[in-house]
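Asker: I am sharing upload_37.tsv, which consists of TSV, C-alpha atoms and all ligand atoms:
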chain	number	residue	atom	x	y	z
A	17	MET	CA	0.00	0.00	0.00
A	18	PHE	CA	2.85	2.40	0.90
A	19	GLU	CA	4.35	2.24	-2.60
A	20	LYS	CA	0.93	3.24	-3.94
A	21	ILE	CA	0.41	6.09	-1.49
A	22	LEU	CA	3.86	7.75	-1.62
A	23	PRO	CA	3.64	8.81	-5.29
A	24	ILE	CA	0.08	10.07	-4.64
A	25	VAL	CA	1.32	12.22	-1.76
A	26	LEU	CA	4.24	13.63	-3.79
A	27	GLU	CA	2.07	14.34	-6.85
A	28	SER	CA	-0.54	16.03	-4.64
A	29	MET	CA	2.16	18.23	-3.09
A	30	ALA	CA	3.54	19.26	-6.47
A	31	GLY	CA	0.04	19.84	-7.85
A	32	ALA	CA	-0.93	22.04	-4.91
A	33	PHE	CA	2.22	24.18	-5.17
A	34	ILE	CA	2.72	24.47	-8.94
A	35	ASP	CA	-0.70	24.00	-10.56
A	36	VAL	CA	-2.64	25.96	-7.94
A	37	GLY	CA	-0.26	27.83	-5.59
A	38	ALA	CA	1.73	29.72	-8.22
A	39	PHE	CA	-1.38	31.30	-9.79
A	40	VAL	CA	-2.96	31.87	-6.36
A	41	GLY	CA	0.19	33.78	-5.33
A	42	VAL	CA	-0.13	36.14	-8.30
A	43	VAL	CA	-3.84	36.79	-7.69
A	44	LEU	CA	-3.19	37.29	-3.96
A	45	LEU	CA	-0.47	39.87	-4.58
A	46	LEU	CA	-2.75	41.68	-7.01
A	47	PHE	CA	-5.70	41.89	-4.60
A	48	GLY	CA	-3.34	42.61	-1.69
A	49	TYR	CA	-2.16	45.64	-3.62
A	50	ILE	CA	-5.75	46.77	-4.30
A	51	ASN	CA	-6.50	46.41	-0.57
A	52	TYR	CA	-3.35	48.40	0.25
A	53	ARG	CA	-4.39	51.24	-2.06
A	54	GLN	CA	-8.17	51.24	-1.62
A	55	ALA	CA	-9.27	49.74	1.73
A	56	GLY	CA	-9.73	53.09	3.49
A	57	ALA	CA	-11.59	54.70	0.58
A	58	LEU	CA	-13.98	51.73	0.09
A	59	LEU	CA	-14.82	51.75	3.77
A	60	GLY	CA	-15.53	55.48	3.86
A	61	GLY	CA	-17.66	55.03	0.74
A	62	ILE	CA	-19.96	52.43	2.29
A	63	GLU	CA	-20.40	54.39	5.53
A	64	LYS	CA	-21.59	57.42	3.57
A	65	SER	CA	-23.94	55.67	1.14
A	66	LYS	CA	-27.18	55.10	3.02
A	67	GLY	CA	-29.68	52.96	1.12
A	68	TRP	CA	-27.03	51.35	-1.12
A	69	GLN	CA	-25.22	49.63	1.70
A	70	PRO	CA	-26.34	46.05	0.88
A	71	VAL	CA	-25.13	46.55	-2.71
A	72	LEU	CA	-21.76	47.93	-1.62
A	73	GLY	CA	-21.49	45.26	1.08
A	74	ALA	CA	-22.06	42.58	-1.57
A	75	LEU	CA	-19.36	44.15	-3.76
A	76	LEU	CA	-16.87	44.28	-0.86
A	77	GLY	CA	-17.71	40.67	-0.05
A	78	LEU	CA	-17.06	39.63	-3.65
A	79	ILE	CA	-13.47	40.93	-3.57
A	80	PRO	CA	-11.40	37.74	-3.28
A	81	GLY	CA	-10.04	37.16	0.22
A	82	CYS	CA	-11.56	38.39	3.46
A	83	GLY	CA	-10.08	41.86	4.02
A	84	GLY	CA	-13.07	43.90	2.86
A	85	SER	CA	-15.57	41.70	4.69
A	86	ILE	CA	-13.56	41.80	7.93
A	87	LEU	CA	-13.53	45.60	7.90
A	88	ILE	CA	-17.33	45.83	7.44
A	89	MET	CA	-18.24	43.91	10.61
A	90	PRO	CA	-17.33	46.55	13.26
A	91	LEU	CA	-19.23	49.21	11.30
A	92	PHE	CA	-22.49	47.46	12.15
A	93	ILE	CA	-22.05	47.61	15.91
A	94	LYS	CA	-20.90	51.22	15.52
A	95	GLY	CA	-24.26	51.83	13.81
A	96	THR	CA	-22.85	53.25	10.56
A	97	VAL	CA	-23.69	50.22	8.38
A	98	THR	CA	-26.98	48.28	8.34
A	99	TYR	CA	-27.41	44.62	9.29
A	100	GLY	CA	-28.62	43.98	5.73
A	101	ALA	CA	-25.21	45.15	4.51
A	102	VAL	CA	-23.53	42.72	6.92
A	103	ILE	CA	-25.69	39.85	5.62
A	104	ALA	CA	-25.05	40.88	1.99
A	105	THR	CA	-21.30	40.98	2.67
A	106	LEU	CA	-21.29	37.54	4.31
A	107	ILE	CA	-23.38	35.94	1.54
A	108	ALA	CA	-21.03	37.34	-1.12
A	109	THR	CA	-17.82	36.39	0.71
A	110	THR	CA	-16.00	33.32	-0.58
A	111	GLY	CA	-12.77	34.09	1.28
A	112	ASP	CA	-9.63	32.26	0.21
A	113	SER	CA	-11.72	29.81	-1.85
A	114	ALA	CA	-12.05	32.66	-4.35
A	115	PHE	CA	-8.30	32.51	-5.06
A	116	VAL	CA	-8.47	28.77	-5.68
A	117	MET	CA	-11.48	29.22	-8.00
A	118	ILE	CA	-9.82	32.05	-9.97
A	119	ALA	CA	-6.63	30.02	-10.35
A	120	THR	CA	-8.23	26.71	-11.31
A	121	MET	CA	-11.71	27.46	-12.72
A	122	PRO	CA	-12.23	31.16	-13.57
A	123	ARG	CA	-15.48	30.39	-15.43
A	124	GLN	CA	-17.09	28.84	-12.35
A	125	PHE	CA	-15.83	31.77	-10.29
A	126	LEU	CA	-17.62	34.27	-12.55
A	127	ILE	CA	-20.89	32.31	-12.56
A	128	ILE	CA	-20.81	31.80	-8.77
A	129	SER	CA	-19.97	35.48	-8.25
A	130	ALA	CA	-22.89	36.63	-10.40
A	131	ILE	CA	-25.36	34.37	-8.55
A	132	ILE	CA	-24.17	35.21	-5.03
A	133	PHE	CA	-24.00	38.93	-5.81
A	134	ALA	CA	-27.67	38.95	-6.88
A	135	LEU	CA	-28.69	36.86	-3.85
A	136	ALA	CA	-26.69	39.05	-1.48
A	137	VAL	CA	-28.28	42.27	-2.74
A	138	VAL	CA	-31.84	40.89	-2.63
A	139	VAL	CA	-31.56	39.24	0.80
A	140	GLY	CA	-29.57	42.13	2.31
A	141	THR	CA	-32.17	44.64	1.12
A	142	LEU	CA	-35.00	42.46	2.48
A	143	VAL	CA	-33.27	42.16	5.87
A	144	ASP	CA	-33.11	45.97	6.03
A	145	LYS	CA	-36.90	46.08	5.56
A	146	THR	CA	-37.33	44.12	8.82
A	147	PRO	CA	-36.67	45.32	12.40
A	148	LEU	CA	-33.99	42.63	12.83
A	149	GLY	CA	-30.99	44.98	12.55
A	150	ALA	CA	-32.45	47.51	15.01
A	151	ARG	CA	-33.21	44.72	17.51
A	152	LEU	CA	-29.70	43.26	17.29
A	153	LEU	CA	-28.15	46.69	17.67
A	154	ALA	CA	-30.32	47.35	20.74
A	155	SER	CA	-29.28	44.02	22.24
A	156	TYR	CA	-25.64	44.92	21.57
A	157	GLN	CA	-26.08	48.34	23.20
A	158	ALA	CA	-27.64	46.75	26.28
A	159	SER	CA	-24.85	44.19	26.65
A	160	LYS	CA	-21.82	46.28	25.81
A	161	GLN	CA	-19.42	47.54	28.40
A	162	GLN	CA	-19.89	51.06	29.70
A	163	LYS	CA	-17.80	53.79	28.10
A	164	LYS	CA	-16.07	54.33	31.46
A	165	GLU	CA	-15.16	50.64	31.74
A	166	ILE	CA	-13.78	50.62	28.17
A	167	ALA	CA	-11.66	53.70	28.93
A	168	ARG	CA	-10.39	52.10	32.15
A	169	LEU	CA	-9.42	48.86	30.35
A	170	HIS	CA	-7.69	50.78	27.61
A	171	LYS	CA	-5.71	52.89	30.05
A	172	LEU	CA	-4.70	49.76	31.93
A	173	GLU	CA	-3.62	47.77	28.88
A	174	GLY	CA	-2.22	50.55	26.71
A	175	LYS	CA	-2.03	50.66	22.93
A	176	HIS	CA	-2.12	47.21	21.30
A	177	THR	CA	-1.44	47.93	17.64
A	178	PHE	CA	0.53	50.56	15.79
A	179	ALA	CA	-1.13	50.65	12.39
A	180	PRO	CA	-3.73	53.39	11.82
A	181	HIS	CA	-7.24	52.07	12.56
A	182	LEU	CA	-9.72	51.57	9.72
A	183	GLY	CA	-13.37	52.32	10.45
A	184	HIS	CA	-12.88	52.78	14.20
A	185	ALA	CA	-10.68	54.67	16.68
A	186	GLU	CA	-8.00	53.97	19.29
A	187	GLY	CA	-9.51	53.14	22.66
A	188	ASP	CA	-13.05	52.45	21.44
A	189	GLU	CA	-15.13	49.30	21.95
A	190	VAL	CA	-13.91	47.85	18.62
A	191	ASP	CA	-10.29	48.41	19.65
A	192	ILE	CA	-10.85	46.50	22.90
A	193	ALA	CA	-12.73	43.63	21.21
A	194	LEU	CA	-10.54	43.21	18.10
A	195	HIS	CA	-7.07	44.33	19.17
A	196	HIS	CA	-7.03	43.54	22.90
A	197	ARG	CA	-9.34	40.51	23.17
A	198	SER	CA	-8.80	38.80	19.79
A	199	ALA	CA	-5.81	37.38	17.97
A	200	GLY	CA	-4.10	40.27	16.23
A	201	HIS	CA	-0.72	40.12	14.57
A	202	GLN	CA	2.06	37.66	15.38
A	203	ALA	CA	4.43	38.85	18.14
A	204	SER	CA	7.78	39.94	16.71
A	205	GLY	CA	11.08	38.52	17.89
A	206	THR	CA	10.03	34.84	17.91
A	207	LEU	CA	11.46	32.21	15.59
A	208	ALA	CA	8.03	31.77	13.99
A	209	TYR	CA	7.91	35.52	13.28
A	210	ARG	CA	11.32	35.40	11.63
A	211	LEU	CA	10.21	32.47	9.49
A	212	THR	CA	7.09	34.27	8.25
A	213	HIS	CA	8.49	37.82	8.08
A	214	GLN	CA	11.97	37.06	6.67
A	215	GLY	CA	11.48	33.66	5.04
A	216	TYR	CA	8.81	35.06	2.73
A	217	ILE	CA	11.42	36.29	0.21
A	218	PHE	CA	12.78	32.79	-0.26
A	219	TYR	CA	9.24	31.42	-0.49
A	220	LEU	CA	8.17	33.97	-3.12
A	221	GLY	CA	11.34	33.21	-5.12
A	222	LEU	CA	10.45	29.52	-5.28
A	223	LEU	CA	6.86	30.45	-6.09
A	224	ALA	CA	8.15	32.47	-9.07
A	225	VAL	CA	10.01	29.38	-10.32
A	226	GLY	CA	6.79	27.41	-9.83
A	227	LEU	CA	4.89	30.05	-11.81
A	228	VAL	CA	7.29	29.78	-14.79
A	229	LEU	CA	6.89	25.98	-14.73
A	230	ALA	CA	3.10	26.28	-14.41
A	231	VAL	CA	2.85	28.70	-17.34
A	232	LEU	CA	5.09	26.52	-19.52
A	233	GLY	CA	3.03	23.49	-18.51
A	234	ALA	CA	-0.25	25.26	-19.29
A	235	ALA	CA	1.15	26.21	-22.72
A	236	GLN	CA	1.72	22.47	-23.38
A	237	PHE	CA	5.47	23.05	-23.37
A	238	ASP	CA	7.43	19.85	-22.76
A	239	VAL	CA	9.54	21.11	-19.85
A	240	ASP	CA	10.85	17.66	-18.97
A	241	SER	CA	12.78	17.49	-22.25
A	242	PHE	CA	15.34	20.16	-21.30
A	243	LEU	CA	15.24	20.11	-17.50
A	244	PRO	CA	16.92	17.56	-15.22
A	245	PRO	CA	14.71	14.53	-14.49
A	246	ASN	CA	12.02	15.11	-11.83
A	247	PHE	CA	12.85	18.84	-11.67
A	248	VAL	CA	9.19	19.95	-11.69
A	249	LEU	CA	8.22	17.35	-9.10
A	250	THR	CA	11.13	18.38	-6.86
A	251	VAL	CA	10.28	22.10	-7.03
A	252	GLY	CA	6.66	21.26	-6.27
A	253	VAL	CA	7.42	19.00	-3.31
A	254	VAL	CA	9.96	21.44	-1.79
A	255	GLY	CA	7.50	24.29	-2.36
A	256	ALA	CA	4.69	22.39	-0.65
A	257	LEU	CA	6.99	21.56	2.29
A	258	LEU	CA	7.94	25.24	2.65
A	259	SER	CA	4.25	26.13	2.45
A	260	MET	CA	3.49	23.81	5.35
A	261	ILE	CA	6.39	25.23	7.39
A	262	LEU	CA	5.07	28.78	6.83
A	263	PHE	CA	1.52	27.55	7.53
A	264	VAL	CA	2.55	26.12	10.90
A	265	ALA	CA	4.82	29.09	11.74
A	266	SER	CA	1.99	31.56	11.11
A	267	LYS	CA	-0.14	29.56	13.58
A	268	LYS	CA	-3.28	30.18	11.57
A	269	PHE	CA	-5.09	26.98	10.80
A	270	LEU	CA	-8.75	27.75	10.07
A	271	ALA	CA	-8.68	31.49	9.48
A	272	GLU	CA	-6.02	33.32	7.52
A	273	GLU	CA	-6.32	36.95	8.51
A	274	THR	CA	-7.39	39.04	11.46
A	275	HIS	CA	-8.85	42.53	11.65
A	276	GLU	CA	-5.56	43.87	12.98
A	277	GLU	CA	-3.64	42.37	10.06
A	278	VAL	CA	-6.00	43.93	7.53
A	279	GLU	CA	-5.23	47.32	9.07
A	280	ILE	CA	-1.47	46.65	9.15
A	281	LYS	CA	-1.52	45.54	5.49
A	282	ALA	CA	-3.43	48.66	4.44
A	283	ALA	CA	-0.63	50.74	5.99
A	284	SER	CA	2.39	48.83	4.70
A	285	LEU	CA	3.15	47.44	1.25
A	286	LYS	CA	5.90	45.28	2.75
A	287	GLU	CA	3.44	43.67	5.21
A	288	THR	CA	1.01	43.22	2.29
A	289	ILE	CA	3.66	41.20	0.41
A	290	ILE	CA	4.71	39.24	3.53
A	291	HIS	CA	1.13	38.27	4.27
A	292	ALA	CA	0.39	37.43	0.62
A	293	ALA	CA	3.20	34.84	0.89
A	294	GLN	CA	1.73	33.55	4.18
A	295	GLU	CA	-1.76	33.34	2.70
A	296	THR	CA	-0.47	31.51	-0.39
A	297	ALA	CA	1.21	28.99	1.93
A	298	PHE	CA	-2.10	28.62	3.80
A	299	VAL	CA	-4.00	27.97	0.56
A	300	VAL	CA	-1.37	25.52	-0.77
A	301	SER	CA	-1.47	23.54	2.49
A	302	TRP	CA	-5.26	23.21	2.41
A	303	VAL	CA	-5.36	22.45	-1.32
A	304	PHE	CA	-2.81	19.69	-0.68
A	305	VAL	CA	-5.15	18.18	1.93
A	306	GLY	CA	-8.03	18.47	-0.58
A	307	PHE	CA	-6.05	16.72	-3.32
A	308	LEU	CA	-5.04	14.00	-0.90
A	309	VAL	CA	-8.65	13.46	0.22
A	310	TYR	CA	-9.66	13.13	-3.44
A	311	GLU	CA	-6.88	10.70	-4.37
A	312	LEU	CA	-7.51	8.52	-1.33
A	313	THR	CA	-11.27	8.52	-2.03
A	314	VAL	CA	-10.57	7.28	-5.56
A	315	LEU	CA	-8.22	4.61	-4.27
A	316	LEU	CA	-10.78	3.55	-1.69
A	317	LEU	CA	-13.65	3.49	-4.23
A	318	GLY	CA	-11.56	1.25	-6.50
A	319	ARG	CA	-10.49	-0.91	-3.54
A	320	GLY	CA	-6.84	-0.13	-4.15
A	321	ASP	CA	-7.14	0.12	-7.93
A	322	TYR	CA	-6.92	3.76	-9.06
A	323	ALA	CA	-8.36	3.31	-12.57
A	324	SER	CA	-11.48	1.46	-11.44
A	325	GLY	CA	-11.89	4.03	-8.66
A	326	GLU	CA	-11.95	6.85	-11.22
A	327	ALA	CA	-14.53	4.95	-13.26
A	328	LEU	CA	-16.76	4.84	-10.17
A	329	ILE	CA	-16.63	8.58	-9.48
A	330	GLU	CA	-19.69	9.29	-11.63
A	331	THR	CA	-21.80	6.73	-9.75
A	332	PHE	CA	-20.46	8.05	-6.46
A	333	LEU	CA	-21.50	11.57	-7.50
A	334	MET	CA	-25.03	10.45	-8.44
A	335	ALA	CA	-25.43	8.70	-5.11
A	336	THR	CA	-23.99	11.46	-2.95
A	337	GLY	CA	-25.09	14.68	-4.71
A	338	LEU	CA	-27.79	15.59	-2.23
A	339	VAL	CA	-25.55	14.81	0.74
A	340	ALA	CA	-22.82	16.94	-0.86
A	341	VAL	CA	-25.18	19.95	-0.94
A	342	LEU	CA	-26.00	19.44	2.74
A	343	VAL	CA	-22.34	19.00	3.70
A	344	GLY	CA	-21.41	22.12	1.67
A	345	GLY	CA	-23.90	24.16	3.65
A	346	LEU	CA	-22.75	22.77	7.00
A	347	ILE	CA	-19.03	23.23	6.25
A	348	GLY	CA	-19.96	26.83	5.51
A	349	LEU	CA	-20.88	27.18	9.18
A	350	ILE	CA	-17.25	26.70	10.20
A	351	PRO	CA	-15.67	30.14	10.53
A	352	GLY	CA	-12.46	30.63	8.54
A	353	CYS	CA	-11.32	29.60	5.08
A	354	GLY	CA	-9.46	26.29	5.47
A	355	PRO	CA	-12.18	23.61	5.27
A	356	GLN	CA	-13.90	25.57	2.47
A	357	ILE	CA	-10.74	25.24	0.37
A	358	ILE	CA	-10.93	21.43	0.62
A	359	PHE	CA	-14.50	21.63	-0.61
A	360	VAL	CA	-13.56	23.76	-3.66
A	361	THR	CA	-10.65	21.45	-4.41
A	362	LEU	CA	-12.94	18.40	-4.36
A	363	TYR	CA	-15.31	20.21	-6.75
A	364	SER	CA	-12.43	21.06	-9.10
A	365	ARG	CA	-11.62	17.35	-9.27
A	366	GLY	CA	-15.19	16.48	-10.24
A	367	LEU	CA	-16.22	14.89	-6.95
A	368	LEU	CA	-19.09	17.31	-6.22
A	369	PRO	CA	-22.04	18.74	-8.17
A	370	PHE	CA	-22.16	22.46	-9.02
A	371	ALA	CA	-25.04	22.96	-6.56
A	372	ALA	CA	-22.78	21.86	-3.70
A	373	LEU	CA	-20.10	24.40	-4.60
A	374	LEU	CA	-22.76	27.12	-4.85
A	375	THR	CA	-24.21	26.12	-1.46
A	376	ASN	CA	-20.81	26.32	0.19
A	377	SER	CA	-20.05	29.68	-1.45
A	378	ILE	CA	-23.27	31.21	-0.09
A	379	SER	CA	-22.99	29.65	3.34
A	380	GLN	CA	-19.34	30.37	4.12
A	381	ASP	CA	-18.34	33.68	5.67
A	382	GLY	CA	-14.56	33.44	5.39
A	383	ASP	CA	-12.56	35.03	8.18
A	384	ALA	CA	-15.18	37.76	8.66
A	385	MET	CA	-17.16	35.65	11.15
A	386	PHE	CA	-14.37	35.88	13.75
A	387	PRO	CA	-14.49	39.66	14.30
A	388	LEU	CA	-18.31	39.59	14.31
A	389	LEU	CA	-18.26	36.82	16.96
A	390	ALA	CA	-15.79	38.83	19.03
A	391	LEU	CA	-17.95	41.96	18.80
A	392	HIS	CA	-21.45	40.56	19.29
A	393	LYS	CA	-22.25	36.85	19.45
A	394	ARG	CA	-25.98	37.17	18.80
A	395	SER	CA	-25.48	39.14	15.56
A	396	ALA	CA	-22.91	36.58	14.43
A	397	LEU	CA	-25.14	33.57	15.18
A	398	MET	CA	-28.14	35.17	13.48
A	399	ALA	CA	-26.01	35.87	10.38
A	400	SER	CA	-24.84	32.24	10.34
A	401	VAL	CA	-28.43	30.99	10.55
A	402	ILE	CA	-29.59	33.27	7.71
A	403	THR	CA	-26.70	32.51	5.34
A	404	THR	CA	-26.80	28.76	6.01
A	405	LEU	CA	-30.57	28.38	5.55
A	406	LEU	CA	-30.45	30.49	2.40
A	407	ALA	CA	-27.52	28.42	1.10
A	408	LEU	CA	-29.32	25.11	1.70
A	409	ALA	CA	-32.58	26.35	0.14
A	410	VAL	CA	-30.83	27.65	-2.99
A	411	GLY	CA	-28.52	24.62	-3.11
A	412	PHE	CA	-31.34	22.05	-3.00
A	413	LEU	CA	-33.33	24.02	-5.58
A	414	VAL	CA	-30.39	24.26	-7.99
A	415	TYR	CA	-29.57	20.59	-7.45
A	416	TRP	CA	-33.15	19.60	-8.24
A	417	LEU	CA	-33.09	21.81	-11.35
A	418	GLU	CA	-29.74	20.27	-12.37
A	419	LEU	CA	-31.32	16.81	-12.25
A	420	HIS	CA	-34.80	17.47	-13.62
A	421	THR	CA	-34.54	20.32	-16.11
A	422	ASN	CA	-32.26	21.55	-18.88
A	423	LEU	CA	-30.32	23.56	-16.30
A	424	GLY	CA	-27.84	20.72	-15.90
A	425	ALA	CA	-27.02	20.68	-19.62
A	426	PHE	CA	-27.02	24.48	-19.72
A	427	LEU	CA	-24.63	24.66	-16.75
A	428	ASN	CA	-22.37	22.04	-18.26
A	429	ALA	CA	-22.17	24.09	-21.45
A	430	ALA	CA	-21.59	27.33	-19.54
A	431	LEU	CA	-18.97	25.73	-17.30
A	432	GLY	CA	-17.25	24.20	-20.30
A	433	ASN	CA	-17.53	20.62	-18.99
A	501	ZN	ZN	-8.04	48.94	14.61
A	502	ZN	ZN	3.04	40.82	9.47
When written as structure tokens, how does the structure in this file appear?
Answerer:
Amino acid sequence: MFEKILPIVLESMAGAFIDVGAFVGVVLLLFGYINYRQAGALLGGIEKSKGWQPVLGALLGLIPGCGGSILIMPLFIKGTVTYGAVIATLIATTGDSAFVMIATMPRQFLIISAIIFALAVVVGTLVDKTPLGARLLASYQASKQQKKEIARLHKLEGKHTFAPHLGHAEGDEVDIALHHRSAGHQASGTLAYRLTHQGYIFYLGLLAVGLVLAVLGAAQFDVDSFLPPNFVLTVGVVGALLSMILFVASKKFLAEETHEEVEIKAASLKETIIHAAQETAFVVSWVFVGFLVYELTVLLLGRGDYASGEALIETFLMATGLVAVLVGGLIGLIPGCGPQIIFVTLYSRGLLPFAALLTNSISQDGDAMFPLLALHKRSALMASVITTLLALAVGFLVYWLELHTNLGAFLNAALGN
């Protein structure tokens, strides 16, 4: 069995680093740069635009990654953004899964984005027509610490972060909840900090090599003919190992970024690049797990025979489609981006129906659920209930349509299957 599993593990490592990671790194740097240039302006824009907030929230949620969504959450408890905008943002957020979709299946990403944007705007606007937001805000106001108590705590504990705040101020309730009481940025001076904040240059260098190999590979160029034997595999395996070292050193397993880090990145291009490397390593590590789960499922389905396992995938899919939709919705309940990446990876390998991917995209809230939980639990739980129920309802409907109408054929054509 070991001689069957070892090549699978190595191939999965190389695939995660070269076929997915290299492109993810480029997209991450690009959106990191947009965040660095625009985060403050986007935030000011949504606070000022009453009435359009669910639309702008949905747009911020759509931006790949979690930065925009994370910054929206405190604005609700401050009372400058509606609860409908929060819901719209969370429906539209696909977190780090977005990077994997852009890198491996841009067509699916566009279709999913269009659907979740429309859903986010409609549901967010409807939520704002109900008294739900006002009630949650009142419950927050009743439960929050007194101004005097917040000031006392802040005086006692001092300043916790040195980047300029986005959407809130030093010493306010958001500062206490998100900089003092939640995980912020890694403490400097530790070995792990040196690995993530100095080792990133080496990591990005290897990622650039991976990118050249990935582009040549995608252009059907026979790289093996002029490179030493197993060169691509070696780069991929070493890259995946480095990714896992960075992943462990950054000590972020489910979620990739915190509110404090989003602020730090908006203030420093260097931190933006460092954290883009960290986030790429996070995505590569989770994609590797996804690939491994797929390969082992195939091996298991074929009872040790890979080819007969692959032949059984279609039957497996028919039998498990409905369960996959349910699981996609439930995995979406887990805060953070890690488990969602496995789900996207399994879809990209053909193990899940489109409806399941859609369900998970609606249901998941990326890293934005953590700051909301830290600020006000009831608002966070209510948001989870709304996005999960909506995801399951839409998911089951789309799955039924996929099976019983022309939608399945239409989707297959649109998705290029
Ligand atoms: Zn802050
Ligand atoms: Zn940093």
Asker: Dump as a PyMOL selection string all residues having an atom at most 6 Å from (-2.4, 47.0, 2.0), computed in the file's coordinates with all atoms listed in the file.
Answerer: chain A and resi 48-49+51-52+281-285+288
Asker: Hey, what's within 12 Å of Glu165 of chain A if we count only C-alpha atoms and toss same-chain stuff fewer than 5 positions away? As JSON, numbers by chain, please?
Answerer: {"A": [160, 170, 171, 172, 187, 188, 189, 192]}
Asker: Tell me, counting all atoms listed in the file, for each residue of chain A within 7 Å of ligand ZN 501 (chain A), which pair of atoms is nearest and how far apart they are in Å to one decimal, in rows ordered by chain and increasing number, as JSON lines.
Answerer:
{"residue": "A:Pro180", "atom": "CA", "partner": "A:ZN501", "partner_atom": "ZN", "distance": 6.8}
{"residue": "A:His181", "atom": "CA", "partner": "A:ZN501", "partner_atom": "ZN", "distance": 3.8}
{"residue": "A:Leu182", "atom": "CA", "partner": "A:ZN501", "partner_atom": "ZN", "distance": 5.8}
{"residue": "A:His184", "atom": "CA", "partner": "A:ZN501", "partner_atom": "ZN", "distance": 6.2}
{"residue": "A:Ala185", "atom": "CA", "partner": "A:ZN501", "partner_atom": "ZN", "distance": 6.6}
{"residue": "A:Glu186", "atom": "CA", "partner": "A:ZN501", "partner_atom": "ZN", "distance": 6.9}
{"residue": "A:Asp191", "atom": "CA", "partner": "A:ZN501", "partner_atom": "ZN", "distance": 5.5}
{"residue": "A:His195", "atom": "CA", "partner": "A:ZN501", "partner_atom": "ZN", "distance": 6.6}
{"residue": "A:Glu276", "atom": "CA", "partner": "A:ZN501", "partner_atom": "ZN", "distance": 5.9}
{"residue": "A:Glu279", "atom": "CA", "partner": "A:ZN501", "partner_atom": "ZN", "distance": 6.4}
Asker: Could you list, as JSON, numbers by chain, all protein and nucleic acid residues with an atom at most 12 Å from ligand ZN 502 (chain A), counting only C-alpha atoms and all ligand atoms?
Answerer: {"A": [177, 178, 179, 200, 201, 202, 203, 204, 205, 208, 209, 210, 211, 212, 213, 214, 215, 216, 266, 272, 273, 274, 276, 277, 278, 279, 280, 281, 282, 283, 284, 285, 286, 287, 288, 289, 290, 291, 292, 293, 294, 295]}
Asker: Mind giving me the straight-line distance from atom CA of Phe18 of chain A to atom CA of Arg319 of chain A in Å, one decimal?
Answerer: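 Those two atoms sit 14.4 Å apart.
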Asker: I want to know what sits within 9 Å of segment 37-43 of chain A, based on all atoms listed in the file, with residues of the same chain fewer than 5 positions away left out; could you give that as number ranges by chain?
Answerer: A: 31-32, 48, 80, 115-116, 118-120, 220, 223-228, 230, 256, 292-293, 295-297, 299-300, 303
Asker: Can you tell me how far atom CA of Val414 of chain A sits from atom CA of Ala372 of chain A, in Å to one decimal?
Answerer: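 So the answer is 9.1 Å.
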Asker: For each of A:Gln161, A:Pro244, A:Val410, A:Arg123, take the minimum atom-to-atom distance to Ala429 of chain A, counting only C-alpha atoms, then give the residue where this is smallest.
Answerer: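 Checking each candidate against Ala429 of chain A, we get A:Arg123 as the closest.
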Asker: Given the choices A:Gly382, A:Leu317, A:Ser113, A:Val137, which gets closest to Ile358 of chain A if the distance is worked out from all atoms listed in the file?
Answerer: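 Residue with the minimum atom-to-atom distance to Ile358 of chain A: A:Ser113.
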Asker: Would you please work out which residue, of A:Met29, A:Leu262, A:Ile24, A:Leu328, is nearest to Thr250 of chain A when using all atoms listed in the file?
Answerer: A:Met29
Asker: With only C-alpha atoms as the atoms that count, which of A:Leu135, A:Ala390, A:Leu257, A:Leu419 lies nearest to Gly337 of chain A?
Answerer: A:Leu419
Asker: Identify which of the residues A:Val253, A:Leu258, A:Ile402, A:Leu315 lies closest to Tyr219 of chain A, counting all atoms listed in the file when measuring atom-to-atom distances.
Answerer: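 Among the listed residues, the smallest separation from Tyr219 of chain A belongs to A:Leu258.
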